[in-house]
file entry-v5.pdb (PDB, C-alpha atoms and all ligand atoms)
ATOM      1  CA  MET A   1     -13.808 -19.489  -3.440  1.00  0.00           C
ATOM      2  CA  ARG A   2     -12.538 -15.939  -3.399  1.00  0.00           C
ATOM      3  CA  ALA A   3     -16.081 -14.567  -3.493  1.00  0.00           C
ATOM      4  CA  LEU A   4     -17.000 -16.858  -0.622  1.00  0.00           C
ATOM      5  CA  TRP A   5     -14.055 -15.618   1.436  1.00  0.00           C
ATOM      6  CA  ARG A   6     -14.939 -11.985   0.715  1.00  0.00           C
ATOM      7  CA  GLY A   7     -18.494 -12.710   1.767  1.00  0.00           C
ATOM      8  CA  ALA A   8     -17.276 -14.183   5.043  1.00  0.00           C
ATOM      9  CA  LEU A   9     -15.040 -11.174   5.656  1.00  0.00           C
ATOM     10  CA  ASP A  10     -17.937  -8.841   5.020  1.00  0.00           C
ATOM     11  CA  MET A  11     -19.850 -10.587   7.755  1.00  0.00           C
ATOM     12  CA  VAL A  12     -16.961 -10.219  10.188  1.00  0.00           C
ATOM     13  CA  PHE A  13     -16.172  -6.649   9.178  1.00  0.00           C
ATOM     14  CA  PRO A  14     -19.306  -5.132   7.668  1.00  0.00           C
ATOM     15  CA  PRO A  15     -17.880  -2.268   5.559  1.00  0.00           C
ATOM     16  CA  GLN A  16     -20.721   0.069   6.391  1.00  0.00           C
ATOM     17  CA  SER A  17     -20.413  -0.200  10.155  1.00  0.00           C
ATOM     18  CA  ILE A  18     -16.636   0.246  10.171  1.00  0.00           C
ATOM     19  CA  ASP A  19     -16.729   3.185   7.829  1.00  0.00           C
ATOM     20  CA  GLY A  20     -19.752   4.653   9.534  1.00  0.00           C
ATOM     21  CA  GLU A  21     -17.962   4.768  12.871  1.00  0.00           C
ATOM     22  CA  ALA A  22     -14.801   6.141  11.361  1.00  0.00           C
ATOM     23  CA  ALA A  23     -16.767   8.712   9.440  1.00  0.00           C
ATOM     24  CA  LEU A  24     -17.581  10.481  12.687  1.00  0.00           C
ATOM     25  CA  ALA A  25     -13.986  10.256  13.888  1.00  0.00           C
ATOM     26  CA  GLY A  26     -12.591  11.081  10.481  1.00  0.00           C
ATOM     27  CA  GLY A  27     -14.601  14.258  10.089  1.00  0.00           C
ATOM     28  CA  LEU A  28     -15.966  13.060   6.776  1.00  0.00           C
ATOM     29  CA  SER A  29     -19.628  12.814   6.014  1.00  0.00           C
ATOM     30  CA  PRO A  30     -21.099   9.340   5.598  1.00  0.00           C
ATOM     31  CA  LEU A  31     -21.840  10.386   2.021  1.00  0.00           C
ATOM     32  CA  ALA A  32     -18.162  11.120   1.374  1.00  0.00           C
ATOM     33  CA  TRP A  33     -17.197   7.715   2.777  1.00  0.00           C
ATOM     34  CA  SER A  34     -19.863   6.029   0.676  1.00  0.00           C
ATOM     35  CA  ARG A  35     -18.254   7.537  -2.443  1.00  0.00           C
ATOM     36  CA  ILE A  36     -14.943   5.797  -1.854  1.00  0.00           C
ATOM     37  CA  GLN A  37     -14.460   3.331  -4.694  1.00  0.00           C
ATOM     38  CA  PHE A  38     -13.322   0.117  -3.035  1.00  0.00           C
ATOM     39  CA  LEU A  39     -11.597  -2.382  -5.305  1.00  0.00           C
ATOM     40  CA  ASP A  40     -13.654  -5.361  -4.200  1.00  0.00           C
ATOM     41  CA  GLY A  41     -14.132  -6.761  -7.695  1.00  0.00           C
ATOM     42  CA  PRO A  42     -11.718  -8.523 -10.022  1.00  0.00           C
ATOM     43  CA  VAL A  43      -8.235  -6.980 -10.203  1.00  0.00           C
ATOM     44  CA  CYS A  44      -4.955  -7.605 -12.021  1.00  0.00           C
ATOM     45  CA  ASP A  45      -2.824  -9.941  -9.929  1.00  0.00           C
ATOM     46  CA  GLY A  46       0.317  -7.972 -10.781  1.00  0.00           C
ATOM     47  CA  CYS A  47      -0.641  -4.369 -10.057  1.00  0.00           C
ATOM     48  CA  GLY A  48      -4.115  -4.478  -8.486  1.00  0.00           C
ATOM     49  CA  ALA A  49      -5.719  -2.539 -11.341  1.00  0.00           C
ATOM     50  CA  PRO A  50      -9.483  -3.038 -11.428  1.00  0.00           C
ATOM     51  CA  PHE A  51     -10.815  -5.248 -14.201  1.00  0.00           C
ATOM     52  CA  GLU A  52     -14.291  -4.799 -15.550  1.00  0.00           C
ATOM     53  CA  PHE A  53     -14.649  -8.561 -15.849  1.00  0.00           C
ATOM     54  CA  ASP A  54     -12.783 -11.322 -14.086  1.00  0.00           C
ATOM     55  CA  ILE A  55     -10.375 -12.083 -16.914  1.00  0.00           C
ATOM     56  CA  GLY A  56      -7.899 -13.633 -14.473  1.00  0.00           C
ATOM     57  CA  ALA A  57      -4.138 -13.245 -14.294  1.00  0.00           C
ATOM     58  CA  ARG A  58      -2.566  -9.948 -15.266  1.00  0.00           C
ATOM     59  CA  CYS A  59      -3.303  -6.784 -17.197  1.00  0.00           C
ATOM     60  CA  ALA A  60      -1.652  -5.994 -20.539  1.00  0.00           C
ATOM     61  CA  ALA A  61       0.854  -3.605 -18.917  1.00  0.00           C
ATOM     62  CA  CYS A  62       1.997  -6.227 -16.377  1.00  0.00           C
ATOM     63  CA  LEU A  63       2.271  -8.906 -19.082  1.00  0.00           C
ATOM     64  CA  ALA A  64       4.269  -6.577 -21.336  1.00  0.00           C
ATOM     65  CA  LYS A  65       6.720  -5.645 -18.597  1.00  0.00           C
ATOM     66  CA  PRO A  66       6.930  -7.662 -15.392  1.00  0.00           C
ATOM     67  CA  ARG A  67       7.282  -5.426 -12.360  1.00  0.00           C
ATOM     68  CA  ALA A  68       9.987  -5.511  -9.722  1.00  0.00           C
ATOM     69  CA  PHE A  69       7.349  -6.546  -7.157  1.00  0.00           C
ATOM     70  CA  ASP A  70       5.391  -9.778  -7.509  1.00  0.00           C
ATOM     71  CA  ALA A  71       1.827  -8.681  -6.808  1.00  0.00           C
ATOM     72  CA  ALA A  72       0.033  -5.585  -5.563  1.00  0.00           C
ATOM     73  CA  ARG A  73      -3.359  -4.882  -4.050  1.00  0.00           C
ATOM     74  CA  ALA A  74      -5.064  -1.584  -3.258  1.00  0.00           C
ATOM     75  CA  ALA A  75      -8.098  -1.130  -1.029  1.00  0.00           C
ATOM     76  CA  CYS A  76      -9.604   1.667  -3.109  1.00  0.00           C
ATOM     77  CA  LEU A  77      -9.067   4.021  -6.011  1.00  0.00           C
ATOM     78  CA  TYR A  78      -7.091   7.196  -5.386  1.00  0.00           C
ATOM     79  CA  ASP A  79      -9.476   9.951  -6.390  1.00  0.00           C
ATOM     80  CA  GLU A  80     -10.904  13.194  -5.038  1.00  0.00           C
ATOM     81  CA  THR A  81     -12.869  11.275  -2.372  1.00  0.00           C
ATOM     82  CA  SER A  82     -10.161   8.989  -0.967  1.00  0.00           C
ATOM     83  CA  ARG A  83      -7.443  11.660  -1.269  1.00  0.00           C
ATOM     84  CA  ASP A  84      -8.876  13.648   1.624  1.00  0.00           C
ATOM     85  CA  PRO A  85      -8.527  11.086   4.463  1.00  0.00           C
ATOM     86  CA  ILE A  86      -5.209   9.838   3.021  1.00  0.00           C
ATOM     87  CA  LEU A  87      -3.704  13.340   3.040  1.00  0.00           C
ATOM     88  CA  LYS A  88      -5.098  13.874   6.532  1.00  0.00           C
ATOM     89  CA  LEU A  89      -3.104  10.898   7.769  1.00  0.00           C
ATOM     90  CA  LYS A  90      -0.008  12.038   5.877  1.00  0.00           C
ATOM     91  CA  HIS A  91       0.075  15.735   6.703  1.00  0.00           C
ATOM     92  CA  ALA A  92      -2.456  16.560   9.383  1.00  0.00           C
ATOM     93  CA  ASP A  93      -1.504  14.276  12.267  1.00  0.00           C
ATOM     94  CA  ARG A  94      -4.690  12.263  11.782  1.00  0.00           C
ATOM     95  CA  LEU A  95      -3.117   9.073  13.108  1.00  0.00           C
ATOM     96  CA  ASP A  96      -6.540   7.837  14.196  1.00  0.00           C
ATOM     97  CA  LEU A  97      -7.203   6.993  10.529  1.00  0.00           C
ATOM     98  CA  ALA A  98      -4.319   4.497  10.340  1.00  0.00           C
ATOM     99  CA  PRO A  99      -6.095   1.536  12.053  1.00  0.00           C
ATOM    100  CA  LEU A 100      -9.036   1.956   9.664  1.00  0.00           C
ATOM    101  CA  PHE A 101      -6.714   1.860   6.654  1.00  0.00           C
ATOM    102  CA  ALA A 102      -4.996  -1.209   8.151  1.00  0.00           C
ATOM    103  CA  ARG A 103      -8.374  -2.932   8.308  1.00  0.00           C
ATOM    104  CA  TRP A 104      -8.986  -2.097   4.659  1.00  0.00           C
ATOM    105  CA  LEU A 105      -5.606  -3.608   3.762  1.00  0.00           C
ATOM    106  CA  SER A 106      -6.333  -6.737   5.779  1.00  0.00           C
ATOM    107  CA  ARG A 107      -9.311  -7.241   3.467  1.00  0.00           C
ATOM    108  CA  CYS A 108      -7.903  -6.340   0.063  1.00  0.00           C
ATOM    109  CA  ALA A 109      -4.537  -8.046   0.633  1.00  0.00           C
ATOM    110  CA  HIS A 110      -5.672 -11.119   2.573  1.00  0.00           C
ATOM    111  CA  GLU A 111      -4.273 -13.473  -0.083  1.00  0.00           C
ATOM    112  CA  LEU A 112      -0.879 -11.741   0.047  1.00  0.00           C
ATOM    113  CA  LEU A 113      -0.896 -11.654   3.860  1.00  0.00           C
ATOM    114  CA  ALA A 114      -1.514 -15.395   3.958  1.00  0.00           C
ATOM    115  CA  GLU A 115       1.789 -15.903   2.091  1.00  0.00           C
ATOM    116  CA  ALA A 116       3.864 -13.209   3.817  1.00  0.00           C
ATOM    117  CA  ASP A 117       6.662 -13.793   6.344  1.00  0.00           C
ATOM    118  CA  ALA A 118       6.941 -10.135   7.337  1.00  0.00           C
ATOM    119  CA  ILE A 119       5.319  -6.731   6.819  1.00  0.00           C
ATOM    120  CA  ALA A 120       7.574  -3.753   6.040  1.00  0.00           C
ATOM    121  CA  PRO A 121       6.629  -0.101   5.503  1.00  0.00           C
ATOM    122  CA  VAL A 122       8.007   2.063   2.686  1.00  0.00           C
ATOM    123  CA  PRO A 123      10.516   4.199   4.631  1.00  0.00           C
ATOM    124  CA  LEU A 124      10.813   7.973   4.805  1.00  0.00           C
ATOM    125  CA  HIS A 125      14.195   9.673   4.649  1.00  0.00           C
ATOM    126  CA  PRO A 126      15.302  10.577   8.210  1.00  0.00           C
ATOM    127  CA  SER A 127      15.101  14.307   7.408  1.00  0.00           C
ATOM    128  CA  ARG A 128      11.478  13.981   6.340  1.00  0.00           C
ATOM    129  CA  LEU A 129      10.713  11.750   9.304  1.00  0.00           C
ATOM    130  CA  LEU A 130      12.109  14.483  11.534  1.00  0.00           C
ATOM    131  CA  SER A 131       9.846  17.148  10.075  1.00  0.00           C
ATOM    132  CA  ARG A 132       6.732  14.968   9.853  1.00  0.00           C
ATOM    133  CA  ARG A 133       7.492  13.102  13.111  1.00  0.00           C
ATOM    134  CA  TYR A 134       5.960   9.855  11.859  1.00  0.00           C
ATOM    135  CA  ASN A 135       5.916   7.660   8.772  1.00  0.00           C
ATOM    136  CA  GLN A 136       2.338   7.226   7.579  1.00  0.00           C
ATOM    137  CA  ALA A 137       3.209   3.887   5.927  1.00  0.00           C
ATOM    138  CA  ALA A 138       4.553   2.565   9.237  1.00  0.00           C
ATOM    139  CA  GLU A 139       1.455   3.789  11.062  1.00  0.00           C
ATOM    140  CA  ILE A 140      -0.632   1.598   8.719  1.00  0.00           C
ATOM    141  CA  ALA A 141       1.787  -1.357   8.658  1.00  0.00           C
ATOM    142  CA  ARG A 142       1.954  -1.736  12.454  1.00  0.00           C
ATOM    143  CA  PRO A 143      -1.769  -2.346  13.084  1.00  0.00           C
ATOM    144  CA  LEU A 144      -1.892  -4.482   9.919  1.00  0.00           C
ATOM    145  CA  SER A 145       0.709  -6.733  11.528  1.00  0.00           C
ATOM    146  CA  ARG A 146      -1.393  -6.976  14.682  1.00  0.00           C
ATOM    147  CA  LEU A 147      -4.568  -7.733  12.712  1.00  0.00           C
ATOM    148  CA  SER A 148      -2.976 -10.383  10.507  1.00  0.00           C
ATOM    149  CA  GLY A 149      -0.457 -11.919  12.891  1.00  0.00           C
ATOM    150  CA  VAL A 150       2.286 -11.441  10.283  1.00  0.00           C
ATOM    151  CA  PRO A 151       5.479 -10.175  12.000  1.00  0.00           C
ATOM    152  CA  TYR A 152       6.297  -6.468  11.641  1.00  0.00           C
ATOM    153  CA  LEU A 153       9.718  -5.499  10.323  1.00  0.00           C
ATOM    154  CA  PRO A 154       9.788  -1.692  10.714  1.00  0.00           C
ATOM    155  CA  ASP A 155      13.354  -1.071   9.574  1.00  0.00           C
ATOM    156  CA  ALA A 156      13.795  -3.636   6.797  1.00  0.00           C
ATOM    157  CA  LEU A 157      14.474  -0.734   4.437  1.00  0.00           C
ATOM    158  CA  ILE A 158      16.095   2.663   4.724  1.00  0.00           C
ATOM    159  CA  ARG A 159      15.883   5.591   2.342  1.00  0.00           C
ATOM    160  CA  ARG A 160      19.516   6.511   1.969  1.00  0.00           C
ATOM    161  CA  ARG A 161      19.006   9.821   0.245  1.00  0.00           C
ATOM    162  CA  ALA A 162      16.242  12.379   0.354  1.00  0.00           C
ATOM    163  CA  THR A 163      14.349  12.031  -2.892  1.00  0.00           C
ATOM    164  CA  ASP A 164      12.430  14.906  -4.415  1.00  0.00           C
ATOM    165  CA  THR A 165       8.719  14.681  -4.014  1.00  0.00           C
ATOM    166  CA  GLN A 166       7.216  12.383  -6.640  1.00  0.00           C
ATOM    167  CA  GLY A 167       4.384  14.822  -7.378  1.00  0.00           C
ATOM    168  CA  GLY A 168       4.290  16.201 -10.909  1.00  0.00           C
ATOM    169  CA  LYS A 169       6.843  13.736 -12.245  1.00  0.00           C
ATOM    170  CA  SER A 170       6.304  11.380 -15.172  1.00  0.00           C
ATOM    171  CA  GLY A 171       6.691   7.630 -14.779  1.00  0.00           C
ATOM    172  CA  VAL A 172      10.275   7.772 -16.050  1.00  0.00           C
ATOM    173  CA  GLY A 173      11.012  10.809 -13.872  1.00  0.00           C
ATOM    174  CA  ARG A 174       9.680   9.029 -10.809  1.00  0.00           C
ATOM    175  CA  ARG A 175      11.685   5.934 -11.527  1.00  0.00           C
ATOM    176  CA  ARG A 176      14.874   7.975 -11.875  1.00  0.00           C
ATOM    177  CA  ASN A 177      14.031   9.866  -8.728  1.00  0.00           C
ATOM    178  CA  VAL A 178      13.926   6.717  -6.588  1.00  0.00           C
ATOM    179  CA  ALA A 179      16.599   4.659  -8.386  1.00  0.00           C
ATOM    180  CA  GLY A 180      19.030   3.424  -5.762  1.00  0.00           C
ATOM    181  CA  ALA A 181      17.244   5.402  -3.044  1.00  0.00           C
ATOM    182  CA  PHE A 182      16.429   2.359  -0.905  1.00  0.00           C
ATOM    183  CA  GLU A 183      18.547  -0.292   0.734  1.00  0.00           C
ATOM    184  CA  VAL A 184      18.325  -3.021   3.328  1.00  0.00           C
ATOM    185  CA  PRO A 185      20.655  -2.077   6.204  1.00  0.00           C
ATOM    186  CA  ALA A 186      23.328  -4.675   6.924  1.00  0.00           C
ATOM    187  CA  GLY A 187      21.821  -5.413  10.320  1.00  0.00           C
ATOM    188  CA  ARG A 188      18.512  -6.439   8.737  1.00  0.00           C
ATOM    189  CA  ALA A 189      19.841  -8.616   5.886  1.00  0.00           C
ATOM    190  CA  ARG A 190      19.268 -11.816   7.853  1.00  0.00           C
ATOM    191  CA  GLN A 191      15.593 -11.006   8.457  1.00  0.00           C
ATOM    192  CA  VAL A 192      15.037 -10.315   4.756  1.00  0.00           C
ATOM    193  CA  ALA A 193      17.033 -13.080   3.037  1.00  0.00           C
ATOM    194  CA  GLY A 194      14.842 -15.973   1.945  1.00  0.00           C
ATOM    195  CA  LYS A 195      11.674 -14.213   3.147  1.00  0.00           C
ATOM    196  CA  ARG A 196       8.414 -13.173   1.540  1.00  0.00           C
ATOM    197  CA  ILE A 197       7.913  -9.499   2.350  1.00  0.00           C
ATOM    198  CA  LEU A 198       4.682  -7.537   2.140  1.00  0.00           C
ATOM    199  CA  LEU A 199       5.491  -3.878   1.554  1.00  0.00           C
ATOM    200  CA  VAL A 200       2.972  -1.309   2.827  1.00  0.00           C
ATOM    201  CA  ASP A 201       2.400   2.249   1.591  1.00  0.00           C
ATOM    202  CA  ASP A 202      -0.455   4.725   1.483  1.00  0.00           C
ATOM    203  CA  VAL A 203      -0.708   5.461  -2.236  1.00  0.00           C
ATOM    204  CA  MET A 204       0.574   3.932  -5.471  1.00  0.00           C
ATOM    205  CA  THR A 205       0.664   6.190  -8.521  1.00  0.00           C
ATOM    206  CA  THR A 206       3.257   4.890 -10.989  1.00  0.00           C
ATOM    207  CA  GLY A 207       4.541   2.090  -8.758  1.00  0.00           C
ATOM    208  CA  ALA A 208       8.100   3.483  -8.994  1.00  0.00           C
ATOM    209  CA  THR A 209       8.572   3.761  -5.224  1.00  0.00           C
ATOM    210  CA  ALA A 210       7.251   0.252  -4.612  1.00  0.00           C
ATOM    211  CA  ALA A 211       9.492  -1.072  -7.389  1.00  0.00           C
ATOM    212  CA  GLY A 212      12.531   0.692  -5.921  1.00  0.00           C
ATOM    213  CA  CYS A 213      11.829  -0.895  -2.529  1.00  0.00           C
ATOM    214  CA  ALA A 214      11.216  -4.307  -4.114  1.00  0.00           C
ATOM    215  CA  ARG A 215      14.547  -4.179  -5.949  1.00  0.00           C
ATOM    216  CA  ALA A 216      16.395  -3.386  -2.724  1.00  0.00           C
ATOM    217  CA  LEU A 217      14.634  -6.187  -0.817  1.00  0.00           C
ATOM    218  CA  LYS A 218      15.330  -8.703  -3.585  1.00  0.00           C
ATOM    219  CA  ALA A 219      18.955  -7.596  -3.808  1.00  0.00           C
ATOM    220  CA  ALA A 220      19.122  -8.533  -0.112  1.00  0.00           C
ATOM    221  CA  GLY A 221      17.706 -11.977  -0.878  1.00  0.00           C
ATOM    222  CA  ALA A 222      13.950 -11.598  -0.384  1.00  0.00           C
ATOM    223  CA  VAL A 223      12.292 -14.368  -2.405  1.00  0.00           C
ATOM    224  CA  ARG A 224       9.055 -12.495  -2.950  1.00  0.00           C
ATOM    225  CA  VAL A 225       7.926  -8.891  -2.506  1.00  0.00           C
ATOM    226  CA  ASP A 226       4.245  -7.983  -2.622  1.00  0.00           C
ATOM    227  CA  VAL A 227       2.704  -4.566  -2.138  1.00  0.00           C
ATOM    228  CA  ALA A 228      -0.413  -3.437  -0.263  1.00  0.00           C
ATOM    229  CA  VAL A 229      -1.550   0.183  -0.504  1.00  0.00           C
ATOM    230  CA  VAL A 230      -4.594   2.061   0.710  1.00  0.00           C
ATOM    231  CA  ALA A 231      -5.259   3.579  -2.710  1.00  0.00           C
ATOM    232  CA  ARG A 232      -3.975   3.440  -6.247  1.00  0.00           C
ATOM    233  CA  VAL A 233      -4.641   5.584  -9.289  1.00  0.00           C
ATOM    234  CA  LYS A 234      -6.924   3.942 -11.814  1.00  0.00           C
ATOM    235  CA  GLU A 235      -4.407   3.987 -14.660  1.00  0.00           C
ATOM    236  CA  MET A 236      -0.718   3.947 -13.907  1.00  0.00           C
ATOM    237  CA  ALA A 237       0.011   6.121 -16.966  1.00  0.00           C
ATOM    238  CA  GLY A 238       3.485   6.254 -18.465  1.00  0.00           C
ATOM    239  CA  LEU A 239       4.403   3.240 -16.419  1.00  0.00           C
ATOM    240  CA  THR A 240       7.921   1.916 -16.829  1.00  0.00           C
ATOM    241  CA  ILE A 241       8.793  -0.302 -13.906  1.00  0.00           C
TER     242      ILE A 241
HETATM  243 ZN    ZN B   1      -1.424  -5.137 -13.903  1.00  0.00          ZN
END
call {"tool": "encode", "arguments": {"input": "entry-v5.pdb", "output": "structure tokens"}}
result
Amino acid sequence: MRALWRGALDMVFPPQSIDGEAALAGGLSPLAWSRIQFLDGPVCDGCGAPFEFDIGARCAACLAKPRAFDAARAACLYDETSRDPILKLKHADRLDLAPLFARWLSRCAHELLAEADAIAPVPLHPSRLLSRRYNQAAEIARPLSRLSGVPYLPDALIRRRATDTQGGKSGVGRRRNVAGAFEVPAGRARQVAGKRILLVDDVMTTGATAAGCARALKAAGAVRVDVAVVARVKEMAGLTI
């Protein structure tokens, strides 16, 4: 059934034509785009890790330690090829890439979108938002809401303190770094309580940020929190979430 659905989606959104068009706009060669490793095959239901074979259910890491979020999907692997357009959106004002990423998420997370009541972006701290002028996760989440028809909840979460950058930190270090960093503002509690929220971000490395957001949403009464990201690392090494 899933394969059938994917096949139908491929007819509606042929990957080559979308990516081919964006390749010109994105300043990447068609060859670079063709090297992006999309996670179209079997994945772990818990963390979106690619499986070599469709073994169903969840990977060993997810079974050993359930995560704070319920399920995650990534459109592609985070590697030297996908890093370039993702960093361009994040740091180089390449907002034109956001609708393309939203389309990728509408494909990889279609099962999660079908169950979601609202789409929320991982927030930036206001000081970082001021310097960057936009939140790349929100830029992806907004067109994803339009594509899917799932309502957009831009301020479901706030980052109440500026966390250090997650780069170069271990899994435990990252978890500590974001512990208690997120909360649902009082004015949004009613829109979160009892709802199934799909959290959107650009990249998942250890899953610590997504877990921190999921804990805050569930503390505010969300009944389910899923995660959709553009790219994830192949192995979430040192994972403790
Ligand atoms: Zn997993």
call {"tool": "atom_distance", "arguments": {"input": "entry-v5.pdb", "atom1": "CA of Val43 (chain A)", "atom2": "atom ZN of ligand ZN 1 (chain B)"}}
result
8.0 Å
call {"tool": "closest_residue", "arguments": {"input": "entry-v5.pdb", "among": "A:Arg142, A:Arg94, A:Arg161, A:Arg73", "to": "ligand ZN 1 (chain B)", "atoms": "only C-alpha atoms and all ligand atoms"}}
result
A:Arg73
call {"tool": "resolve_selection", "arguments": {"input": "entry-v5.pdb", "expression": "the PyMOL selection byres (((not hetatm)) within 8 of (chain B and resi 1))", "output": "list of chain:residue names"}}
result
A:Val43, A:Cys44, A:Asp45, A:Gly46, A:Cys47, A:Gly48, A:Ala49, A:Arg58, A:Cys59, A:Ala60, A:Ala61, A:Cys62, A:Leu63
call {"tool": "resolve_selection", "arguments": {"input": "entry-v5.pdb", "expression": "the PyMOL selection byres (((chain A and resi 99-116) around 6) and not hetatm)", "output": "JSON, numbers by chain"}}
result
{"A": [73, 75, 97, 98, 117, 118, 140, 143, 144, 196, 197, 198]}
call {"tool": "residues_around", "arguments": {"input": "entry-v5.pdb", "residues": "region 156-160 of chain A", "least_positions_apart": "3", "cutoff": "7 Å", "atoms": "all atoms listed in the file", "output": "PyMOL selection string"}}
result
chain A and resi 120+123-125+153+181-185+188
call {"tool": "closest_residue", "arguments": {"input": "entry-v5.pdb", "among": "A:Arg83, A:Arg190, A:Arg132, A:Lys195", "to": "Lys218 (chain A)", "atoms": "only C-alpha atoms"}}
result
A:Lys195
call {"tool": "atom_distance", "arguments": {"input": "entry-v5.pdb", "atom1": "CA of Lys88 (chain A)", "atom2": "CA of Val229 (chain A)"}}
result
15.8 Å
